[in-house]
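Here is the file structure.cif (mmCIF, C-alpha atoms and all ligand atoms).
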```cif
data_structure
loop_
_atom_site.label_atom_id
_atom_site.label_comp_id
_atom_site.auth_asym_id
_atom_site.auth_seq_id
_atom_site.Cartn_x
_atom_site.Cartn_y
_atom_site.Cartn_z
CA MET A 1 1.71 -5.39 -25.40
CA ASN A 2 5.29 -6.57 -25.13
CA MET A 3 5.26 -10.25 -24.39
CA GLY A 4 7.94 -11.86 -22.27
CA THR A 5 8.23 -15.65 -22.41
CA PRO A 6 4.79 -17.06 -22.96
CA SER A 7 3.77 -19.83 -20.54
CA ILE A 8 0.67 -20.58 -22.54
CA GLU A 9 0.03 -20.30 -26.26
CA VAL A 10 -3.38 -21.14 -27.65
CA THR A 11 -4.03 -20.85 -31.37
CA ASP A 12 -7.41 -21.13 -33.04
CA LEU A 13 -8.74 -23.50 -30.37
CA LYS A 14 -12.06 -25.16 -31.12
CA LYS A 15 -14.23 -27.43 -29.00
CA TYR A 16 -17.69 -28.43 -30.15
CA PHE A 17 -20.40 -30.44 -28.41
CA GLY A 18 -22.57 -31.56 -31.33
CA SER A 19 -23.92 -28.36 -32.81
CA VAL A 20 -22.84 -26.24 -29.80
CA LYS A 21 -19.64 -24.37 -30.62
CA ALA A 22 -18.56 -24.02 -26.99
CA VAL A 23 -15.12 -22.73 -28.02
CA ASP A 24 -15.04 -21.38 -31.53
CA GLY A 25 -11.54 -20.47 -32.70
CA ILE A 26 -9.86 -18.55 -29.90
CA SER A 27 -6.19 -17.52 -29.77
CA PHE A 28 -4.19 -15.90 -26.98
CA GLN A 29 -0.84 -15.97 -25.21
CA VAL A 30 -0.15 -15.78 -21.50
CA GLU A 31 3.12 -14.25 -20.39
CA ALA A 32 4.98 -16.13 -17.64
CA GLY A 33 4.41 -14.78 -14.15
CA THR A 34 1.25 -12.84 -14.97
CA ILE A 35 -2.40 -13.24 -14.11
CA PHE A 36 -4.48 -13.79 -17.23
CA GLY A 37 -8.24 -13.61 -17.05
CA MET A 38 -11.00 -14.98 -19.20
CA LEU A 39 -14.13 -13.04 -18.53
CA GLY A 40 -17.58 -13.87 -19.79
CA PRO A 41 -21.14 -14.64 -18.82
CA ASN A 42 -22.45 -18.12 -18.00
CA GLY A 43 -22.25 -20.44 -20.98
CA ALA A 44 -19.68 -18.30 -22.82
CA GLY A 45 -17.20 -21.22 -23.01
CA LYS A 46 -14.84 -20.49 -20.12
CA SER A 47 -14.95 -23.88 -18.39
CA THR A 48 -14.71 -25.70 -21.70
CA THR A 49 -11.57 -23.69 -22.52
CA VAL A 50 -9.94 -24.55 -19.18
CA GLU A 51 -10.92 -28.21 -19.38
CA THR A 52 -9.55 -28.46 -22.91
CA MET A 53 -6.33 -26.66 -22.01
CA VAL A 54 -5.60 -29.04 -19.13
CA GLY A 55 -6.38 -32.11 -21.23
CA LEU A 56 -9.78 -33.09 -19.82
CA ASN A 57 -11.46 -32.50 -23.20
CA LYS A 58 -10.16 -33.49 -26.61
CA ARG A 59 -10.09 -30.45 -28.83
CA ASP A 60 -11.69 -30.27 -32.25
CA GLY A 61 -9.10 -27.92 -33.71
CA GLY A 62 -6.22 -25.59 -33.01
CA LYS A 63 -3.04 -25.75 -30.96
CA ILE A 64 -2.32 -25.62 -27.24
CA SER A 65 1.11 -25.24 -25.70
CA ILE A 66 1.54 -24.97 -21.92
CA LEU A 67 5.15 -24.70 -20.75
CA GLY A 68 5.99 -26.08 -24.18
CA LEU A 69 3.76 -29.14 -23.71
CA ASP A 70 0.66 -30.25 -25.60
CA PRO A 71 -2.06 -31.56 -23.24
CA GLU A 72 -2.95 -34.35 -25.65
CA LYS A 73 0.59 -35.41 -26.54
CA ASN A 74 2.27 -34.96 -23.13
CA PRO A 75 -0.58 -35.32 -20.59
CA GLU A 76 1.43 -36.84 -17.74
CA GLU A 77 4.34 -34.45 -17.94
CA LEU A 78 1.96 -31.52 -18.17
CA LYS A 79 -0.11 -32.63 -15.15
CA SER A 80 3.04 -32.80 -13.04
CA LYS A 81 3.78 -29.15 -13.79
CA ILE A 82 0.41 -27.46 -13.38
CA GLY A 83 -2.27 -27.02 -10.74
CA VAL A 84 -5.95 -27.05 -11.59
CA GLN A 85 -9.06 -25.99 -9.72
CA LEU A 86 -12.28 -26.87 -11.47
CA GLN A 87 -15.72 -25.50 -10.69
CA SER A 88 -17.32 -28.50 -9.02
CA PRO A 89 -14.57 -30.74 -7.74
CA SER A 90 -15.69 -34.11 -6.44
CA LEU A 91 -13.70 -34.62 -3.27
CA PHE A 92 -13.64 -37.65 -1.01
CA PRO A 93 -16.23 -36.71 1.66
CA ARG A 94 -14.73 -38.66 4.57
CA LEU A 95 -11.16 -37.47 4.25
CA THR A 96 -10.08 -34.56 6.39
CA VAL A 97 -8.75 -31.34 4.92
CA LYS A 98 -5.21 -32.27 5.85
CA GLU A 99 -5.54 -35.81 4.50
CA ILE A 100 -6.71 -34.74 1.07
CA VAL A 101 -4.11 -31.98 0.76
CA ASN A 102 -1.43 -34.53 1.69
CA LEU A 103 -2.89 -37.01 -0.80
CA PHE A 104 -2.69 -34.44 -3.60
CA ALA A 105 0.82 -33.42 -2.50
CA SER A 106 1.89 -37.06 -2.87
CA PHE A 107 1.12 -36.92 -6.62
CA TYR A 108 3.90 -34.37 -7.17
CA SER A 109 7.66 -34.55 -7.00
CA ASP A 110 8.23 -31.18 -5.32
CA PRO A 111 5.06 -30.24 -3.44
CA LEU A 112 4.52 -27.43 -0.94
CA SER A 113 3.79 -28.43 2.63
CA ALA A 114 0.15 -29.23 3.34
CA ASP A 115 0.10 -27.01 6.42
CA GLU A 116 1.43 -24.07 4.43
CA VAL A 117 -1.22 -24.18 1.69
CA ILE A 118 -4.00 -24.83 4.21
CA ALA A 119 -2.90 -21.72 6.10
CA ARG A 120 -2.65 -19.67 2.92
CA VAL A 121 -6.27 -20.33 2.00
CA GLY A 122 -7.35 -19.68 5.61
CA LEU A 123 -8.49 -23.19 6.52
CA GLU A 124 -6.20 -23.73 9.55
CA ALA A 125 -9.17 -24.09 11.88
CA LYS A 126 -10.63 -26.85 9.67
CA VAL A 127 -7.50 -28.89 9.19
CA ASN A 128 -8.92 -32.00 10.88
CA GLU A 129 -12.48 -31.54 9.65
CA GLN A 130 -13.97 -34.08 7.23
CA ILE A 131 -14.72 -32.61 3.82
CA LYS A 132 -18.43 -33.46 4.10
CA ASN A 133 -18.68 -31.01 7.01
CA LEU A 134 -17.22 -28.02 5.16
CA SER A 135 -19.37 -25.15 3.90
CA GLY A 136 -19.52 -24.33 0.19
CA GLY A 137 -17.03 -21.50 0.59
CA GLN A 138 -14.64 -23.67 2.55
CA ARG A 139 -14.76 -26.40 -0.12
CA HIS A 140 -13.96 -23.71 -2.65
CA ARG A 141 -10.89 -22.66 -0.72
CA LEU A 142 -9.88 -26.29 -0.31
CA ALA A 143 -10.10 -26.77 -4.09
CA ILE A 144 -7.70 -23.86 -4.52
CA ALA A 145 -5.33 -25.31 -1.92
CA LEU A 146 -5.33 -28.54 -3.95
CA ALA A 147 -4.46 -26.59 -7.10
CA MET A 148 -1.58 -24.91 -5.25
CA VAL A 149 -0.05 -27.81 -3.36
CA GLY A 150 1.75 -29.32 -6.37
CA ASN A 151 3.89 -26.19 -6.58
CA GLY A 152 3.06 -25.90 -10.28
CA LYS A 153 4.42 -23.09 -12.40
CA VAL A 154 1.02 -22.56 -14.03
CA ILE A 155 -2.23 -22.62 -12.09
CA PHE A 156 -5.71 -22.75 -13.61
CA LEU A 157 -8.60 -21.45 -11.53
CA ASP A 158 -12.11 -21.81 -12.92
CA GLU A 159 -14.32 -19.18 -11.30
CA PRO A 160 -12.39 -19.34 -8.03
CA THR A 161 -14.60 -16.96 -6.07
CA THR A 162 -18.08 -17.74 -7.37
CA GLY A 163 -20.50 -18.06 -4.47
CA LEU A 164 -18.17 -16.63 -1.85
CA ASP A 165 -19.06 -13.76 0.44
CA PRO A 166 -17.21 -10.46 -0.14
CA GLN A 167 -14.71 -11.02 2.65
CA ALA A 168 -13.81 -14.53 1.50
CA ARG A 169 -13.48 -13.24 -2.08
CA ARG A 170 -11.03 -10.58 -1.03
CA GLN A 171 -9.07 -13.11 0.96
CA LEU A 172 -8.77 -15.29 -2.13
CA TRP A 173 -7.71 -12.34 -4.25
CA ASP A 174 -4.78 -11.94 -1.89
CA VAL A 175 -3.93 -15.62 -2.27
CA ILE A 176 -3.99 -15.25 -6.07
CA LEU A 177 -1.89 -12.07 -6.03
CA GLN A 178 0.59 -13.83 -3.76
CA LEU A 179 0.94 -16.63 -6.34
CA LYS A 180 1.91 -14.04 -8.91
CA GLU A 181 4.45 -12.52 -6.51
CA GLU A 182 6.07 -15.94 -6.40
CA GLY A 183 6.36 -16.07 -10.17
CA VAL A 184 3.46 -18.46 -10.80
CA THR A 185 1.44 -17.91 -13.97
CA VAL A 186 -2.27 -17.81 -13.17
CA PHE A 187 -5.03 -18.45 -15.71
CA LEU A 188 -8.40 -17.67 -14.23
CA THR A 189 -11.95 -17.45 -15.43
CA THR A 190 -14.54 -15.23 -13.86
CA HIS A 191 -17.79 -13.51 -14.52
CA TYR A 192 -17.04 -10.80 -11.99
CA MET A 193 -15.92 -7.54 -13.55
CA ASP A 194 -14.37 -6.19 -10.39
CA GLU A 195 -12.35 -9.37 -9.95
CA ALA A 196 -10.93 -9.20 -13.47
CA GLU A 197 -10.16 -5.53 -13.04
CA LYS A 198 -8.45 -6.01 -9.70
CA LEU A 199 -6.42 -9.14 -10.46
CA CYS A 200 -5.63 -9.49 -14.13
CA ASP A 201 -2.67 -8.09 -16.05
CA HIS A 202 -4.30 -9.06 -19.30
CA LEU A 203 -7.68 -10.39 -20.12
CA VAL A 204 -9.93 -11.60 -22.87
CA ILE A 205 -13.65 -11.11 -22.91
CA ILE A 206 -15.40 -14.14 -24.35
CA ASP A 207 -18.98 -14.57 -25.50
CA HIS A 208 -20.50 -17.49 -27.44
CA GLY A 209 -17.09 -19.20 -27.69
CA LYS A 210 -15.36 -16.25 -29.35
CA ILE A 211 -13.05 -13.53 -28.03
CA ILE A 212 -14.81 -10.20 -28.40
CA ALA A 213 -12.14 -7.98 -26.84
CA GLN A 214 -8.73 -8.25 -25.22
CA GLY A 215 -6.16 -6.13 -23.43
CA SER A 216 -5.31 -4.98 -19.93
CA PRO A 217 -8.34 -3.89 -17.92
CA ARG A 218 -7.17 -0.28 -18.33
CA GLU A 219 -6.62 -0.67 -22.10
CA LEU A 220 -10.06 -2.16 -22.52
CA ILE A 221 -11.62 0.66 -20.59
CA ASN A 222 -9.66 3.34 -22.51
CA GLN A 223 -10.41 1.68 -25.83
CA TYR A 224 -14.07 1.18 -25.26
CA PHE A 225 -14.88 3.69 -22.63
CA LYS A 226 -13.16 7.04 -22.33
CA GLU A 227 -16.32 8.52 -20.96
CA ARG A 228 -17.26 8.99 -17.33
CA ALA A 229 -20.47 7.62 -15.92
CA VAL A 230 -22.74 10.01 -14.06
CA GLU A 231 -25.02 7.76 -12.07
CA PHE A 232 -27.99 8.78 -9.93
CA VAL A 233 -31.01 7.32 -8.26
CA ASP A 234 -34.11 7.89 -10.39
CA PRO A 235 -36.03 10.65 -8.58
CA GLY A 236 -39.25 9.29 -10.06
CA PHE A 237 -39.03 10.50 -13.67
CA SER A 238 -42.00 9.43 -15.78
CA LYS A 239 -41.35 7.77 -19.13
CA GLU A 240 -42.01 11.10 -20.87
CA GLU A 241 -39.55 12.86 -18.58
CA ARG A 242 -36.89 10.23 -19.28
CA ASP A 243 -37.49 10.65 -23.00
CA GLU A 244 -37.23 14.41 -22.60
CA LEU A 245 -33.89 13.91 -20.77
CA LYS A 246 -32.63 12.02 -23.83
CA ARG A 247 -33.79 14.81 -26.13
CA LEU A 248 -31.83 17.39 -24.11
CA ASP A 249 -28.66 15.88 -25.57
CA ILE A 250 -26.59 16.32 -22.43
CA ALA A 251 -24.82 12.95 -22.60
CA ASN A 252 -23.47 10.53 -25.22
CA ARG A 253 -25.70 7.72 -24.03
CA ILE A 254 -28.24 7.16 -21.32
CA SER A 255 -28.82 3.84 -19.68
CA TYR A 256 -31.70 3.08 -17.35
CA GLU A 257 -31.19 0.28 -14.86
CA GLN A 258 -34.72 -0.73 -14.19
CA GLU A 259 -34.05 -3.11 -11.34
CA GLU A 260 -31.91 -0.75 -9.29
CA LYS A 261 -33.82 2.34 -10.43
CA HIS A 262 -30.58 4.01 -11.45
CA ILE A 263 -30.01 6.23 -14.43
CA ILE A 264 -26.52 6.42 -15.96
CA LEU A 265 -25.41 9.21 -18.27
CA TYR A 266 -22.20 8.46 -20.18
CA THR A 267 -20.42 11.70 -20.96
CA ASP A 268 -17.15 13.41 -21.91
CA GLU A 269 -18.28 16.68 -20.35
CA ILE A 270 -19.07 15.99 -16.73
CA SER A 271 -19.69 19.55 -15.63
CA ARG A 272 -22.07 20.38 -18.48
CA THR A 273 -23.93 17.12 -18.05
CA ILE A 274 -24.40 17.54 -14.32
CA THR A 275 -25.38 21.20 -14.52
CA ARG A 276 -28.01 20.57 -17.20
CA LEU A 277 -29.28 17.48 -15.44
CA MET A 278 -29.72 19.33 -12.15
CA GLU A 279 -31.47 22.24 -13.89
CA TYR A 280 -33.81 19.88 -15.69
CA ALA A 281 -34.67 17.87 -12.56
CA ALA A 282 -35.21 20.98 -10.44
CA GLY A 283 -37.33 22.51 -13.21
CA ILE A 284 -39.81 19.63 -13.07
CA ASP A 285 -39.64 19.56 -9.27
CA LYS A 286 -37.93 16.19 -9.03
CA PRO A 287 -34.58 17.20 -7.57
CA ILE A 288 -31.72 14.73 -7.55
CA ASP A 289 -30.03 14.30 -4.23
CA ASP A 290 -28.01 11.15 -4.79
CA ILE A 291 -25.44 11.28 -7.59
CA ILE A 292 -21.99 9.84 -8.24
CA VAL A 293 -19.43 10.33 -11.00
CA ARG A 294 -17.25 7.34 -11.70
CA HIS A 295 -14.85 5.90 -14.22
CA ALA A 296 -16.27 3.31 -16.54
CA THR A 297 -15.85 -0.26 -15.30
CA LEU A 298 -15.61 -3.51 -17.21
CA GLU A 299 -19.32 -3.95 -16.55
CA ASP A 300 -19.88 -0.91 -18.76
CA VAL A 301 -17.49 -2.31 -21.39
CA PHE A 302 -19.37 -5.58 -21.51
CA LEU A 303 -22.68 -3.80 -21.79
CA LYS A 304 -21.37 -1.73 -24.67
CA LEU A 305 -19.83 -4.67 -26.55
CA THR A 306 -22.66 -7.15 -26.23
CA GLY A 307 -25.65 -4.93 -25.60
CA ARG A 308 -26.45 -6.77 -22.40
CA GLY A 309 -25.25 -6.89 -18.82
CA ILE A 310 -22.95 -9.61 -17.60
CA ARG A 311 -25.36 -10.56 -14.86
CA GLU A 312 -28.25 -12.69 -16.03
N1 LIG B 401 -20.17 -31.80 -21.87
C1 LIG B 401 -20.94 -30.97 -22.57
N2 LIG B 401 -21.86 -31.44 -23.43
C2 LIG B 401 -22.63 -30.63 -24.17
N3 LIG B 401 -22.57 -29.27 -24.11
C3 LIG B 401 -21.70 -28.73 -23.27
C4 LIG B 401 -20.83 -29.55 -22.45
N4 LIG B 401 -20.05 -28.71 -21.70
C5 LIG B 401 -20.42 -27.45 -22.03
N5 LIG B 401 -21.40 -27.46 -22.97
C6 LIG B 401 -22.00 -26.26 -23.60
O1 LIG B 401 -20.95 -25.45 -24.08
C7 LIG B 401 -21.23 -24.06 -23.85
C8 LIG B 401 -20.13 -23.44 -23.02
O2 LIG B 401 -20.18 -23.96 -21.69
P1 LIG B 401 -19.10 -23.62 -20.57
O3 LIG B 401 -19.45 -24.41 -19.36
O4 LIG B 401 -17.75 -23.77 -21.14
O5 LIG B 401 -19.38 -22.09 -20.30
P2 LIG B 401 -18.84 -21.17 -19.12
O6 LIG B 401 -18.47 -19.89 -19.75
O7 LIG B 401 -17.82 -21.89 -18.33
O8 LIG B 401 -20.13 -20.95 -18.24
P3 LIG B 401 -20.35 -21.29 -16.70
O9 LIG B 401 -19.86 -20.10 -15.98
O10 LIG B 401 -21.86 -21.41 -16.63
O11 LIG B 401 -19.65 -22.58 -16.43
C9 LIG B 401 -22.60 -24.02 -23.19
O12 LIG B 401 -23.56 -23.81 -24.20
C10 LIG B 401 -22.75 -25.40 -22.59
O13 LIG B 401 -24.11 -25.76 -22.49
#
```
Starting from the file, lay out its structure as structure tokens.
Amino acid sequence: MNMGTPSIEVTDLKKYFGSVKAVDGISFQVEAGTIFGMLGPNGAGKSTTVETMVGLNKRDGGKISILGLDPEKNPEELKSKIGVQLQSPSLFPRLTVKEIVNLFASFYSDPLSADEVIARVGLEAKVNEQIKNLSGGQRHRLAIALAMVGNGKVIFLDEPTTGLDPQARRQLWDVILQLKEEGVTVFLTTHYMDEAEKLCDHLVIIDHGKIIAQGSPRELINQYFKERAVEFVDPGFSKEERDELKRLDIANRISYEQEEKHIILYTDEISRTITRLMEYAAGIDKPIDDIIVRHATLEDVFLKLTGRGIRE
């Protein structure tokens, strides 16, 4: 990838908690004005990376440069130029939405207007509500408003949409894409594949504190997954019949999703795979009447790289 000016440069970053290597030698660059994603399952080291990058943790090794500043050497200058949303922010429960956004705005020299950021995260109706009366999703959106109000050039969002309903998630995606439109660099962590795929220009996949793959969502998919996925609802195949399906050699790999009772055939030859599958199923009188063909997603990439799903 051709890099423009990097806003963030991290080299061989390490952060240990006793024997736990939460971040174990990761390096990456984030180009100014892009959305960069760190994707990984719970416990992979995402929050520790963010907290170390913004100076809340002292690192055990490596280099960090954000807008040319080191979070340990220039903490105050750095804080004035970035916005941060952490996973479980402790907010003053008796302040109203507007009061806390104004309070945060007062920490910065060139903040956005409180009303504007409150509107952008869709909390207009709650502007005079005390924080203790907000729902979980509303607190989440408030935390993002607080990260935005300082008008920082780099914004860190740690799992911004975890726990939100689909509509609220999509609304926040628009807020994040809008930040990029305005030239803000966004660093976000997520364990949602669809979110990374939809939002990020570039992303790293992290597991056990190490980067296991990186690229644009499309590059990752092309690199790891040129195949198509033929997915269908299990018509009630017995174990022997599933084994027989494998022996037929009509796909590169077969994955059985026990919980959802779905079978996925990964293939380069869709037509051959589907024809043979249909013949086989009809031949044993278990016809398939619910089938889709789709491109591989990052969920498939993660499964292939780590041997397990991203969901626990
Ligand atoms: N303050 C701490 N003390 C000890 N261990 C910690 C501390 N913070 C994180 N860890 C450990 O470091 C590892 C990485 O945790 P981290 O919270 O960074 O992961 P994550 O990818 O953000 O996951 P999640 O989505 O669950 O927050 C985990 O094994 C975690 O238990």
Can you check which parts of chain A lie within 6 Å of ligand LIG 401 (chain B)? Per residue, the shortest pair of atoms and distance in Å to one decimal, counting all atoms listed in the file, sorted by chain and number, as JSON lines.
```
{"residue": "A:Phe17", "atom": "CA", "partner": "B:LIG401", "partner_atom": "C2", "distance": 4.8}
{"residue": "A:Ala22", "atom": "CA", "partner": "B:LIG401", "partner_atom": "O1", "distance": 4.0}
{"residue": "A:Pro41", "atom": "CA", "partner": "B:LIG401", "partner_atom": "O6", "distance": 6.0}
{"residue": "A:Asn42", "atom": "CA", "partner": "B:LIG401", "partner_atom": "O10", "distance": 3.6}
{"residue": "A:Gly43", "atom": "CA", "partner": "B:LIG401", "partner_atom": "O5", "distance": 3.4}
{"residue": "A:Ala44", "atom": "CA", "partner": "B:LIG401", "partner_atom": "O6", "distance": 3.7}
{"residue": "A:Gly45", "atom": "CA", "partner": "B:LIG401", "partner_atom": "O4", "distance": 3.2}
{"residue": "A:Lys46", "atom": "CA", "partner": "B:LIG401", "partner_atom": "O6", "distance": 3.7}
{"residue": "A:Ser47", "atom": "CA", "partner": "B:LIG401", "partner_atom": "O7", "distance": 3.5}
{"residue": "A:Thr48", "atom": "CA", "partner": "B:LIG401", "partner_atom": "O4", "distance": 3.6}
```
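One finds CA of Tyr224 (chain A) at 21.7 Å from CA of His262 (chain A).
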Selected residue, from A:Met148, A:Met38, A:Val10, A:Ala143, that lies nearest to Val204 (chain A) when counting only C-alpha atoms: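 Result for the nearest residue to Val204 (chain A): A:Met38.
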Selection near region 150-160 of chain A, 6 Å with all atoms listed in the file, sequence-local residues under 4 positions removed, as a ChimeraX atom specification: /A:81-87,105,108,111-112,184-190
Within 6 Å of Phe36 (chain A) using only C-alpha atoms, minus same-chain residues under 2 positions, as number ranges by chain: A: 187, 200, 202-203
Selected residue, from A:Pro235, A:Gly61, A:Gly37, A:Pro6, that lies nearest to Lys198 (chain A) when counting all atoms listed in the file: A:Gly37
Nearby residues, (-12.9, -27.9, -23.3) file frame, 6 Å, only C-alpha atoms, as number ranges by chain: A: 15, 48-49, 51-52, 57
Using all atoms listed in the file, which residues of region 40-154 of chain A come within 12 Å of region 170-177 of chain A, and what is the closest atom pair for each, with the distance in Å to one decimal? Give it as CSV, sorted by chain and residue number.
```
residue,atom,partner,partner_atom,distance
A:Val117,CA,A:Val175,CA,9.8
A:Ile118,CA,A:Val175,CA,11.3
A:Ala119,CA,A:Val175,CA,10.4
A:Arg120,CA,A:Val175,CA,6.7
A:Val121,CA,A:Val175,CA,6.8
A:Gly122,CA,A:Gln171,CA,8.2
A:Leu123,CA,A:Gln171,CA,11.5
A:Gly137,CA,A:Leu172,CA,10.7
A:Gln138,CA,A:Leu172,CA,11.3
A:His140,CA,A:Leu172,CA,9.9
A:Arg141,CA,A:Leu172,CA,7.8
A:Leu142,CA,A:Leu172,CA,11.2
A:Ala143,CA,A:Leu172,CA,11.7
A:Ile144,CA,A:Leu172,CA,9.0
A:Ala145,CA,A:Val175,CA,9.8
A:Ala147,CA,A:Ile176,CA,11.4
A:Met148,CA,A:Ile176,CA,10.0
A:Val154,CA,A:Ile176,CA,11.9
```
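Considering all atoms listed in the file, the residue among A:Leu13, A:Leu95, A:Met278, A:Leu298 positioned nearest to Ser216 (chain A) is A:Leu298.
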Exercise: residues within 7 Å of coordinate (-15.5, -5.3, -15.8), counting only C-alpha atoms, as a PyMOL selection string: chain A and resi 192-194+196-197+297-302
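Coordinates place CA of Asp70 (chain A) at a distance of 22.5 Å from CA of Leu146 (chain A).
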